[in-house]
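Note: the block below is model13.tsv and it holds TSV, C-alpha atoms.
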```
chain	number	residue	atom	x	y	z
A	1	MET	CA	94.65	145.85	76.99
A	2	ARG	CA	95.40	149.28	78.42
A	3	PHE	CA	92.45	151.19	79.88
A	4	SER	CA	91.52	153.76	82.52
A	5	ALA	CA	88.89	153.29	85.23
A	6	ASP	CA	87.08	155.61	87.63
A	7	PHE	CA	85.24	153.48	90.19
A	8	HIS	CA	84.00	155.96	92.80
A	9	ILE	CA	81.26	158.30	91.57
A	10	HIS	CA	77.77	159.34	92.65
A	11	THR	CA	74.50	159.71	90.79
A	12	LYS	CA	71.42	161.92	90.86
A	13	TYR	CA	70.17	159.77	93.75
A	14	SER	CA	72.90	161.00	96.11
A	15	ARG	CA	72.58	164.19	98.10
A	16	ALA	CA	74.33	167.34	96.83
A	17	THR	CA	74.76	165.78	93.40
A	18	SER	CA	73.96	167.11	89.93
A	19	PRO	CA	70.72	165.86	88.35
A	20	ALA	CA	72.85	165.24	85.25
A	21	MET	CA	74.55	162.29	86.96
A	22	ASP	CA	72.61	159.74	84.92
A	23	LEU	CA	73.63	157.12	82.37
A	24	GLU	CA	73.20	159.46	79.43
A	25	HIS	CA	75.55	162.12	80.80
A	26	LEU	CA	77.95	159.65	82.42
A	27	SER	CA	78.48	157.86	79.11
A	28	GLN	CA	78.90	161.17	77.27
A	29	TRP	CA	81.42	162.62	79.72
A	30	SER	CA	83.40	159.42	80.12
A	31	LYS	CA	84.18	159.65	76.39
A	32	LEU	CA	85.09	163.34	76.64
A	33	LYS	CA	87.44	162.61	79.53
A	34	GLY	CA	88.94	159.43	78.07
A	35	ILE	CA	87.65	157.06	80.77
A	36	ASP	CA	87.25	153.52	79.45
A	37	LEU	CA	85.51	151.99	82.47
A	38	ILE	CA	83.29	153.84	84.91
A	39	GLY	CA	81.57	152.86	88.13
A	40	THR	CA	77.80	152.92	88.21
A	41	GLY	CA	77.86	154.51	91.65
A	42	ASP	CA	74.98	154.19	94.12
A	43	PHE	CA	73.90	150.62	93.26
A	44	THR	CA	72.40	150.31	96.74
A	45	HIS	CA	69.58	152.70	95.76
A	46	PRO	CA	66.52	150.78	94.45
A	47	ALA	CA	65.44	153.45	91.94
A	48	TRP	CA	68.93	153.62	90.42
A	49	LEU	CA	69.13	149.83	90.31
A	50	LYS	CA	65.85	149.78	88.39
A	51	GLU	CA	67.31	152.18	85.82
A	52	LEU	CA	70.49	150.14	85.54
A	53	ARG	CA	68.54	146.92	85.02
A	54	GLY	CA	66.46	148.53	82.28
A	55	LYS	CA	69.29	150.26	80.40
A	56	LEU	CA	72.54	148.36	80.86
A	57	LYS	CA	73.56	145.49	78.61
A	58	GLN	CA	75.75	142.79	80.11
A	59	LEU	CA	78.86	141.89	78.13
A	60	PRO	CA	80.69	138.54	78.03
A	61	SER	CA	83.51	140.18	80.02
A	62	GLY	CA	81.21	140.57	83.03
A	63	LEU	CA	81.10	144.32	82.53
A	64	TYR	CA	78.07	146.29	81.37
A	65	GLU	CA	77.52	148.74	78.54
A	66	TYR	CA	75.38	151.77	77.79
A	67	ASN	CA	75.83	153.93	74.68
A	68	ARG	CA	79.25	152.29	74.09
A	69	ALA	CA	80.47	153.26	77.56
A	70	LYS	CA	81.58	150.40	79.85
A	71	PHE	CA	80.29	150.19	83.43
A	72	ILE	CA	81.15	148.22	86.57
A	73	PHE	CA	78.80	147.97	89.57
A	74	THR	CA	80.00	150.23	92.38
A	75	ALA	CA	78.57	152.02	95.40
A	76	GLU	CA	79.71	153.94	98.47
A	77	VAL	CA	78.39	153.14	101.94
A	78	SER	CA	78.72	155.09	105.19
A	79	ASN	CA	78.97	153.27	108.53
A	80	MET	CA	78.54	155.33	111.70
A	81	TYR	CA	78.93	153.45	114.97
A	82	SER	CA	80.76	153.32	118.28
A	83	LYS	CA	83.83	151.19	118.86
A	84	TYR	CA	86.46	151.16	121.63
A	85	GLY	CA	84.66	154.06	123.32
A	86	ARG	CA	84.73	156.38	120.31
A	87	GLY	CA	82.34	157.30	117.53
A	88	ARG	CA	83.44	156.02	114.10
A	89	ARG	CA	82.36	157.25	110.69
A	90	ILE	CA	83.81	155.30	107.79
A	91	HIS	CA	83.06	155.27	104.08
A	92	THR	CA	83.77	152.29	101.85
A	93	ILE	CA	83.53	151.59	98.12
A	94	LEU	CA	81.81	148.38	97.08
A	95	LEU	CA	82.49	146.59	93.79
A	96	ALA	CA	80.02	143.87	92.80
A	97	PRO	CA	80.54	141.34	89.99
A	98	ASP	CA	77.10	141.66	88.42
A	99	LEU	CA	73.60	143.10	88.65
A	100	ASP	CA	72.29	140.10	90.58
A	101	SER	CA	74.92	140.52	93.30
A	102	ALA	CA	74.28	144.27	93.45
A	103	GLU	CA	70.57	143.68	93.93
A	104	LYS	CA	71.19	141.13	96.69
A	105	ILE	CA	73.51	143.55	98.51
A	106	SER	CA	70.93	146.33	98.18
A	107	SER	CA	68.21	144.05	99.53
A	108	ALA	CA	70.34	142.88	102.45
A	109	LEU	CA	71.28	146.46	103.37
A	110	GLY	CA	67.64	147.49	103.08
A	111	LYS	CA	66.94	145.20	106.03
A	112	ARG	CA	69.64	146.97	108.07
A	113	GLY	CA	68.71	150.60	107.41
A	114	ASN	CA	67.31	153.23	105.06
A	115	ILE	CA	68.54	152.83	101.48
A	116	LEU	CA	65.96	155.14	99.91
A	117	SER	CA	66.93	158.57	101.24
A	118	ASP	CA	70.44	158.76	99.79
A	119	GLY	CA	72.51	157.03	97.12
A	120	ARG	CA	75.24	156.80	99.75
A	121	PRO	CA	73.27	155.17	102.60
A	122	ILE	CA	74.21	155.42	106.27
A	123	PHE	CA	74.17	152.42	108.61
A	124	GLY	CA	74.76	152.06	112.32
A	125	PHE	CA	76.61	148.74	112.32
A	126	ASP	CA	80.34	147.95	112.35
A	127	VAL	CA	82.04	148.26	108.96
A	128	LYS	CA	83.62	144.82	109.39
A	129	ASP	CA	80.10	143.39	109.23
A	130	LEU	CA	79.60	145.17	105.90
A	131	VAL	CA	82.59	143.27	104.54
A	132	LYS	CA	81.14	139.96	105.71
A	133	LEU	CA	77.67	140.80	104.33
A	134	CYS	CA	79.04	141.51	100.84
A	135	LEU	CA	81.36	138.51	100.69
A	136	ASP	CA	78.61	136.18	101.90
A	137	ILE	CA	76.59	137.29	98.87
A	138	SER	CA	79.53	136.92	96.47
A	139	PRO	CA	83.18	136.16	97.23
A	140	ASP	CA	83.99	138.17	94.09
A	141	CYS	CA	82.92	141.43	95.74
A	142	LEU	CA	85.66	143.91	96.60
A	143	ILE	CA	85.40	146.26	99.59
A	144	ILE	CA	87.75	149.26	99.59
A	145	PRO	CA	88.03	151.89	102.35
A	146	ALA	CA	87.32	155.26	100.72
A	147	HIS	CA	89.41	158.49	100.92
A	148	ILE	CA	91.21	156.96	103.88
A	149	PHE	CA	92.56	160.16	105.51
A	150	THR	CA	89.55	162.48	105.26
A	151	PRO	CA	89.00	163.83	108.80
A	152	TRP	CA	85.31	163.11	109.29
A	153	PHE	CA	84.44	159.97	107.35
A	154	SER	CA	87.33	157.58	106.80
A	155	LEU	CA	89.47	154.70	108.01
A	156	PHE	CA	92.27	156.94	109.34
A	157	GLY	CA	90.28	160.18	109.80
A	158	SER	CA	91.55	162.43	112.58
A	159	ARG	CA	87.99	162.91	113.86
A	160	SER	CA	86.46	159.51	113.22
A	161	GLY	CA	88.94	156.79	112.34
A	162	PHE	CA	91.46	154.27	113.61
A	163	ASP	CA	95.25	154.14	113.73
A	164	THR	CA	95.51	150.76	112.02
A	165	ILE	CA	93.52	148.72	109.52
A	166	GLU	CA	93.44	145.82	111.97
A	167	GLU	CA	91.76	147.94	114.66
A	168	CYS	CA	88.98	148.73	112.24
A	169	PHE	CA	88.35	145.48	110.38
A	170	GLU	CA	89.63	142.91	112.90
A	171	GLU	CA	89.15	139.39	111.46
A	172	GLU	CA	87.96	140.84	108.15
A	173	THR	CA	91.29	142.60	107.55
A	174	LYS	CA	92.34	139.63	105.42
A	175	ASN	CA	89.63	140.60	102.94
A	176	ILE	CA	90.86	144.17	102.45
A	177	TYR	CA	93.17	144.41	99.44
A	178	ALA	CA	93.09	148.07	98.43
A	179	LEU	CA	92.75	151.58	99.82
A	180	GLU	CA	91.53	154.76	98.14
A	181	THR	CA	93.93	157.67	98.67
A	182	GLY	CA	91.30	160.40	98.21
A	183	LEU	CA	91.73	163.85	96.68
A	184	SER	CA	93.65	165.30	99.64
A	185	SER	CA	96.43	162.69	99.62
A	186	ASP	CA	98.46	160.94	96.94
A	187	PRO	CA	100.42	157.67	96.87
A	188	ALA	CA	103.67	159.37	97.92
A	189	MET	CA	102.06	160.46	101.17
A	190	ASN	CA	100.76	156.92	101.78
A	191	TRP	CA	104.18	155.41	101.05
A	192	ARG	CA	105.43	156.98	104.29
A	193	ILE	CA	103.41	154.39	106.25
A	194	SER	CA	105.00	150.94	105.96
A	195	ALA	CA	101.85	149.15	107.16
A	196	LEU	CA	100.15	150.15	103.89
A	197	ASP	CA	102.78	148.60	101.60
A	198	LYS	CA	100.83	145.43	100.87
A	199	TYR	CA	97.70	147.27	99.80
A	200	THR	CA	96.95	148.50	96.31
A	201	LEU	CA	96.39	152.25	96.31
A	202	ILE	CA	93.59	153.33	94.00
A	203	SER	CA	92.42	156.80	93.01
A	204	ASN	CA	88.97	157.91	91.85
A	205	SER	CA	87.10	161.13	91.17
A	206	ASP	CA	84.31	160.84	93.78
A	207	ALA	CA	82.45	162.92	91.19
A	208	HIS	CA	79.15	164.60	92.06
A	209	SER	CA	78.80	166.21	88.60
A	210	PRO	CA	79.78	164.97	85.12
A	211	ALA	CA	82.57	167.51	84.59
A	212	LYS	CA	84.36	166.17	87.71
A	213	LEU	CA	84.67	162.64	86.32
A	214	GLY	CA	88.22	161.42	85.91
A	215	ARG	CA	89.92	164.02	88.09
A	216	GLU	CA	91.56	160.90	89.51
A	217	VAL	CA	91.67	157.54	87.72
A	218	ASN	CA	93.40	154.15	87.65
A	219	VAL	CA	95.23	152.90	84.56
A	220	PHE	CA	95.39	149.15	83.91
A	221	ASP	CA	97.01	146.88	81.34
A	222	THR	CA	95.06	143.66	81.64
A	223	GLU	CA	91.93	141.98	80.36
A	224	MET	CA	89.12	144.52	80.45
A	225	SER	CA	86.74	142.42	82.51
A	226	TYR	CA	85.46	142.32	86.06
A	227	SER	CA	87.79	139.43	86.91
A	228	GLY	CA	90.72	141.18	85.24
A	229	VAL	CA	90.23	144.32	87.30
A	230	ILE	CA	89.72	142.48	90.57
A	231	GLU	CA	92.74	140.24	90.05
A	232	ALA	CA	94.99	143.21	89.28
A	233	ILE	CA	93.85	145.05	92.43
A	234	ARG	CA	93.90	142.05	94.76
A	235	ASN	CA	97.37	140.98	93.67
A	236	LYS	CA	98.83	144.49	93.43
A	237	ALA	CA	100.12	143.42	90.03
A	238	LYS	CA	102.37	146.24	88.79
A	239	LYS	CA	102.41	144.87	85.25
A	240	LYS	CA	98.60	144.97	85.23
A	241	MET	CA	97.93	148.12	87.27
A	242	LEU	CA	100.27	150.58	85.62
A	243	PHE	CA	99.71	153.84	87.48
A	244	THR	CA	97.14	156.21	88.95
A	245	VAL	CA	96.40	159.75	87.84
A	246	GLU	CA	96.12	162.12	90.76
A	247	PHE	CA	94.72	165.49	91.74
A	248	PHE	CA	97.50	167.62	93.20
A	249	PRO	CA	96.72	166.72	96.85
A	250	GLU	CA	97.13	170.33	97.96
A	251	GLU	CA	93.96	171.05	95.98
A	252	GLY	CA	91.98	168.65	98.15
A	253	LYS	CA	89.68	170.27	100.66
A	254	TYR	CA	91.25	168.60	103.70
A	255	HIS	CA	94.97	168.72	102.88
A	256	PHE	CA	95.97	171.26	105.55
A	257	ASP	CA	94.53	171.89	109.02
A	258	GLY	CA	92.39	174.83	110.00
A	259	HIS	CA	89.06	176.50	110.60
A	260	ARG	CA	87.22	177.70	107.50
A	261	ASP	CA	84.86	179.97	109.46
A	262	CYS	CA	87.82	181.65	111.14
A	263	GLY	CA	89.92	181.87	107.98
A	264	ILE	CA	92.70	179.89	109.66
A	265	ARG	CA	94.77	177.57	107.43
A	266	PHE	CA	97.73	175.86	109.10
A	267	SER	CA	100.48	173.51	108.02
A	268	PRO	CA	101.16	170.57	110.37
A	269	GLU	CA	104.04	172.54	111.89
A	270	GLN	CA	101.83	175.55	112.59
A	271	THR	CA	99.17	173.32	114.12
A	272	LYS	CA	101.74	171.89	116.53
A	273	GLU	CA	102.92	175.39	117.42
A	274	HIS	CA	99.35	176.25	118.42
A	275	ASN	CA	98.75	172.90	120.17
A	276	GLY	CA	95.95	172.12	117.74
A	277	ILE	CA	93.85	175.09	118.90
A	278	CYS	CA	92.43	177.78	116.64
A	279	PRO	CA	93.94	181.15	117.66
A	280	LYS	CA	90.65	182.95	116.88
A	281	CYS	CA	87.84	180.87	118.37
A	282	LYS	CA	90.03	178.83	120.77
A	283	ARG	CA	88.43	175.55	119.69
A	284	PRO	CA	90.26	172.49	118.29
A	285	LEU	CA	91.29	172.82	114.66
A	286	THR	CA	90.07	170.38	112.01
A	287	VAL	CA	93.19	168.28	111.53
A	288	GLY	CA	93.68	167.50	107.86
A	289	VAL	CA	95.29	164.78	105.82
A	290	MET	CA	98.89	165.97	105.85
A	291	SER	CA	98.99	166.15	109.65
A	292	ARG	CA	97.32	162.77	109.96
A	293	VAL	CA	99.88	161.18	107.64
A	294	ASP	CA	102.65	162.77	109.72
A	295	ASP	CA	101.13	161.22	112.86
A	296	LEU	CA	101.07	157.70	111.41
A	297	ALA	CA	104.22	157.81	109.27
A	298	ASP	CA	107.26	155.72	110.10
A	299	ARG	CA	109.22	156.83	107.02
A	300	PRO	CA	110.55	160.17	105.78
A	301	ASP	CA	108.93	162.20	103.02
A	302	GLY	CA	110.18	160.98	99.65
A	303	PHE	CA	110.49	157.29	100.54
A	304	ILE	CA	109.42	154.95	97.70
A	305	PRO	CA	108.63	151.27	98.54
A	306	GLU	CA	109.97	148.59	96.21
A	307	ASN	CA	106.52	147.45	95.11
A	308	ALA	CA	105.00	150.92	94.70
A	309	VAL	CA	102.65	151.52	91.77
A	310	PRO	CA	103.67	154.86	90.21
A	311	PHE	CA	101.43	157.87	89.66
A	312	LYS	CA	101.06	161.05	87.63
A	313	ARG	CA	99.51	164.35	88.69
A	314	MET	CA	97.27	166.61	86.66
A	315	VAL	CA	94.87	169.54	86.84
A	316	PRO	CA	91.51	169.17	85.02
A	317	LEU	CA	91.58	170.73	81.56
A	318	GLN	CA	88.67	173.09	82.19
A	319	GLU	CA	90.55	174.57	85.16
A	320	ILE	CA	93.69	175.01	83.06
A	321	ILE	CA	91.77	176.77	80.29
A	322	ALA	CA	90.09	179.03	82.84
A	323	LYS	CA	93.45	179.97	84.36
A	324	ALA	CA	95.01	180.56	80.94
A	325	HIS	CA	92.22	182.90	79.86
A	326	GLN	CA	91.58	184.38	83.31
A	327	LYS	CA	87.91	183.48	83.22
A	328	GLY	CA	85.57	181.36	85.33
A	329	VAL	CA	85.38	177.64	84.64
A	330	GLN	CA	81.67	177.85	83.82
A	331	THR	CA	81.93	180.79	81.41
A	332	LYS	CA	80.85	180.29	77.82
A	333	GLY	CA	84.30	180.97	76.40
A	334	VAL	CA	85.99	178.36	78.60
A	335	GLN	CA	83.34	175.75	77.80
A	336	GLN	CA	83.65	176.42	74.06
A	337	GLU	CA	87.43	176.18	74.17
A	338	TYR	CA	87.23	172.94	76.15
A	339	THR	CA	84.90	171.40	73.58
A	340	ARG	CA	87.10	172.52	70.68
A	341	VAL	CA	90.32	171.16	72.17
A	342	VAL	CA	88.82	167.83	73.28
A	343	GLU	CA	87.19	167.27	69.90
A	344	HIS	CA	90.51	167.93	68.18
A	345	PHE	CA	92.57	165.52	70.31
A	346	GLY	CA	89.87	162.92	71.04
A	347	ASN	CA	89.62	163.24	74.83
A	348	GLU	CA	90.91	165.21	77.80
A	349	PHE	CA	93.51	162.69	78.96
A	350	GLU	CA	95.15	162.78	75.55
A	351	VAL	CA	95.62	166.53	75.96
A	352	LEU	CA	96.81	166.43	79.56
A	353	LEU	CA	98.99	163.33	79.56
A	354	HIS	CA	99.89	161.95	76.16
A	355	ALA	CA	99.92	164.36	73.21
A	356	PRO	CA	103.42	165.59	72.28
A	357	VAL	CA	103.97	169.28	72.89
A	358	THR	CA	104.50	169.86	69.16
A	359	ASP	CA	101.05	168.44	68.47
A	360	LEU	CA	99.51	170.60	71.18
A	361	ALA	CA	101.23	173.65	69.72
A	362	SER	CA	99.45	173.13	66.41
A	363	CYS	CA	96.05	173.64	68.06
A	364	LEU	CA	96.47	175.69	71.23
A	365	SER	CA	97.20	179.32	71.94
A	366	ASP	CA	100.67	180.07	73.32
A	367	ARG	CA	99.23	180.81	76.76
A	368	LEU	CA	97.17	177.61	76.98
A	369	LEU	CA	100.15	175.61	75.74
A	370	GLN	CA	102.29	177.24	78.39
A	371	ALA	CA	99.72	176.35	81.05
A	372	ILE	CA	99.63	172.65	80.07
A	373	VAL	CA	103.43	172.48	79.94
A	374	LYS	CA	103.63	173.97	83.43
A	375	VAL	CA	101.02	171.55	84.82
A	376	ARG	CA	102.85	168.56	83.30
A	377	ALA	CA	106.03	169.77	84.96
A	378	GLY	CA	104.29	170.44	88.29
A	379	ASP	CA	105.33	174.09	88.05
A	380	LEU	CA	102.43	175.46	90.07
A	381	ILE	CA	101.67	177.51	93.14
A	382	ILE	CA	98.90	175.91	95.21
A	383	ASN	CA	97.25	177.36	98.28
A	384	PRO	CA	96.33	174.14	100.12
A	385	GLY	CA	92.75	173.25	100.90
A	386	TYR	CA	91.60	173.00	104.53
A	387	ASP	CA	88.50	172.29	106.61
A	388	GLY	CA	86.22	171.64	103.63
A	389	GLU	CA	87.66	174.38	101.40
A	390	PHE	CA	89.31	173.26	98.15
A	391	GLY	CA	92.83	174.49	97.46
A	392	THR	CA	93.46	177.02	94.71
A	393	VAL	CA	95.94	176.65	91.85
A	394	ASP	CA	98.03	179.47	90.42
A	395	ILE	CA	99.59	178.43	87.11
A	396	PHE	CA	100.81	181.88	86.10
A	397	ASN	CA	102.41	184.72	87.98
A	398	ASN	CA	104.00	188.01	87.00
A	399	LYS	CA	107.40	186.40	86.48
A	400	THR	CA	106.17	183.69	84.13
A	401	PRO	CA	106.83	184.39	80.43
A	402	VAL	CA	104.54	182.94	77.79
A	403	LEU	CA	106.61	180.47	75.78
A	404	PRO	CA	106.34	180.40	72.01
A	405	ALA	CA	104.37	177.68	70.27
A	406	SER	CA	107.61	176.09	69.06
A	407	ILE	CA	108.42	174.41	72.39
A	408	PRO	CA	110.42	171.29	71.48
A	409	ALA	CA	108.75	167.92	71.97
A	410	GLU	CA	111.87	166.69	73.79
A	411	LEU	CA	110.59	168.47	76.88
A	412	PHE	CA	108.19	165.57	77.47
```

Can you dump the structure from the file as structure tokens?
Amino acid sequence: MRFSADFHIHTKYSRATSPAMDLEHLSQWSKLKGIDLIGTGDFTHPAWLKELRGKLKQLPSGLYEYNRAKFIFTAEVSNMYSKYGRGRRIHTILLAPDLDSAEKISSALGKRGNILSDGRPIFGFDVKDLVKLCLDISPDCLIIPAHIFTPWFSLFGSRSGFDTIEECFEEETKNIYALETGLSSDPAMNWRISALDKYTLISNSDAHSPAKLGREVNVFDTEMSYSGVIEAIRNKAKKKMLFTVEFFPEEGKYHFDGHRDCGIRFSPEQTKEHNGICPKCKRPLTVGVMSRVDDLADRPDGFIPENAVPFKRMVPLQEIIAKAHQKGVQTKGVQQEYTRVVEHFGNEFEVLLHAPVTDLASCLSDRLLQAIVKVRAGDLIINPGYDGEFGTVDIFNNKTPVLPASIPAELF
């Protein structure tokens, strides 16, 4: 069975998150987006767990259901500690096989720190001990380092991480099977590091509001069950994990280096030219994902490993509509057009990835059709994100003609 899954999300119990991140809105938006399986997010938080226990229905597959949307128990945890003389700040995604296991993990973590103040709790112990804690509760748990190149809170972060997986997880490295690429990197960037070849690369939205769901997802062709998902990830089974759908990594808010307060955005080459120092404030630049990949890479750009799981890139449909009509994403006109298009085609992924161009032409304006064609082809201009600032996408420019609605389907 072919299905898409977004494992890493947050709920209304996490800081800086929309109050609409509840089961009602998550189920509604997962259908709009075309997401078949969605993470619960934040299962470590007792209040959210209580809601999940009261509203979710367990299925024979080991998954859970609410309002015909399928859920899998997931959470993100932050570990902040000192190791080898340096401060470390690492985020991980937890997948638990069932409600009982999720509750046991929450209870165990509650004895190690505060799980009430944030849906993504912070602990002061080594992340390798988090792996052991989860697997002692259930060997079917899966622990995945999150957004592995983000500067401040990740496995390979320039400000907080390690240079190898083994340095970080030591004897628990054997229990790490997958890595999350994060919004600021994509699989192609990770393929430059040979040490990562054996790991499955997954991609998720890290959504803090419903409209951000599915900006990155994983596409499987296997039994839609907890065991089916875990087996596909653990074994890096290319016939079962078909591909990931990616943000253009330049849009990510840590792709390039720089200082947001100083308005300095540098490529890795520019950072080297300035010895990593901001030319305005004379302090060290925040080194982003692209530079960090360059530091660790032992392969040239463009290298593709034999066992690589492929990927596709996309821009969220609301952003495309906004660019096509030169309006803000949250304006009434953009929201109305989004609803109309999604209702016509069934879901957002159908519009962005699957529908033939001739079918799109029957429903869309010439300019919106042109925009989707250009995004599918990667014909974009992106000003890369840096130091916490998202990148900006330019789909149109003065030299871009608007193609007629009769674009032949053979283009895609």

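Our summary of the geometry notes that atom CA of A:Leu63 is positioned 13.4 Å from atom CA of A:Asp140.
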
Interatomic distance, atom CA of A:Ile90 to atom CA of A:Met314 (Å, one decimal) =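 Atom-to-atom, atom CA of A:Ile90 and atom CA of A:Met314 are spaced 27.5 Å apart.
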
Coordinates-based distance that separates atom CA of A:Glu180 from atom CA of A:Ile202 (Å, one decimal) |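 Those two atoms sit 4.8 Å apart.
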
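Residues in contact range of A:Ser101, defined as at most 9 Å between only C-alpha atoms, with sequence neighbours fewer than 2 positions away removed, read Ala96, Pro97, Asp98, Leu99, Glu103, Lys104, Ile105, Ser106, Cys134, Ile137, Ser138 and Cys141 of chain A.
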
Using all atoms listed in the file, which protein or nucleic acid residues come within 9 Å of A:Tyr13? Drop anything in the same chain fewer than 5 positions from it, and give the result as a PDB file with C-alpha atoms, in the frame of the given file.
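Just written: part_24.pdb:
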```pdb
ATOM      1  CA  PRO A  19      70.720 165.860  88.350  1.00  0.00           C
ATOM      2  CA  MET A  21      74.550 162.290  86.960  1.00  0.00           C
ATOM      3  CA  ASP A  42      74.980 154.190  94.120  1.00  0.00           C
ATOM      4  CA  HIS A  45      69.580 152.700  95.760  1.00  0.00           C
ATOM      5  CA  ALA A  47      65.440 153.450  91.940  1.00  0.00           C
ATOM      6  CA  TRP A  48      68.930 153.620  90.420  1.00  0.00           C
ATOM      7  CA  LEU A 116      65.960 155.140  99.910  1.00  0.00           C
ATOM      8  CA  SER A 117      66.930 158.570 101.240  1.00  0.00           C
ATOM      9  CA  ASP A 118      70.440 158.760  99.790  1.00  0.00           C
ATOM     10  CA  GLY A 119      72.510 157.030  97.120  1.00  0.00           C
ATOM     11  CA  ARG A 120      75.240 156.800  99.750  1.00  0.00           C
TER      12      ARG A 120
END
```

Residue among A:Glu389, A:Asp6, A:Glu65, A:Asp186 lying closest to A:Ser27, counting all atoms listed in the file | A:Glu65
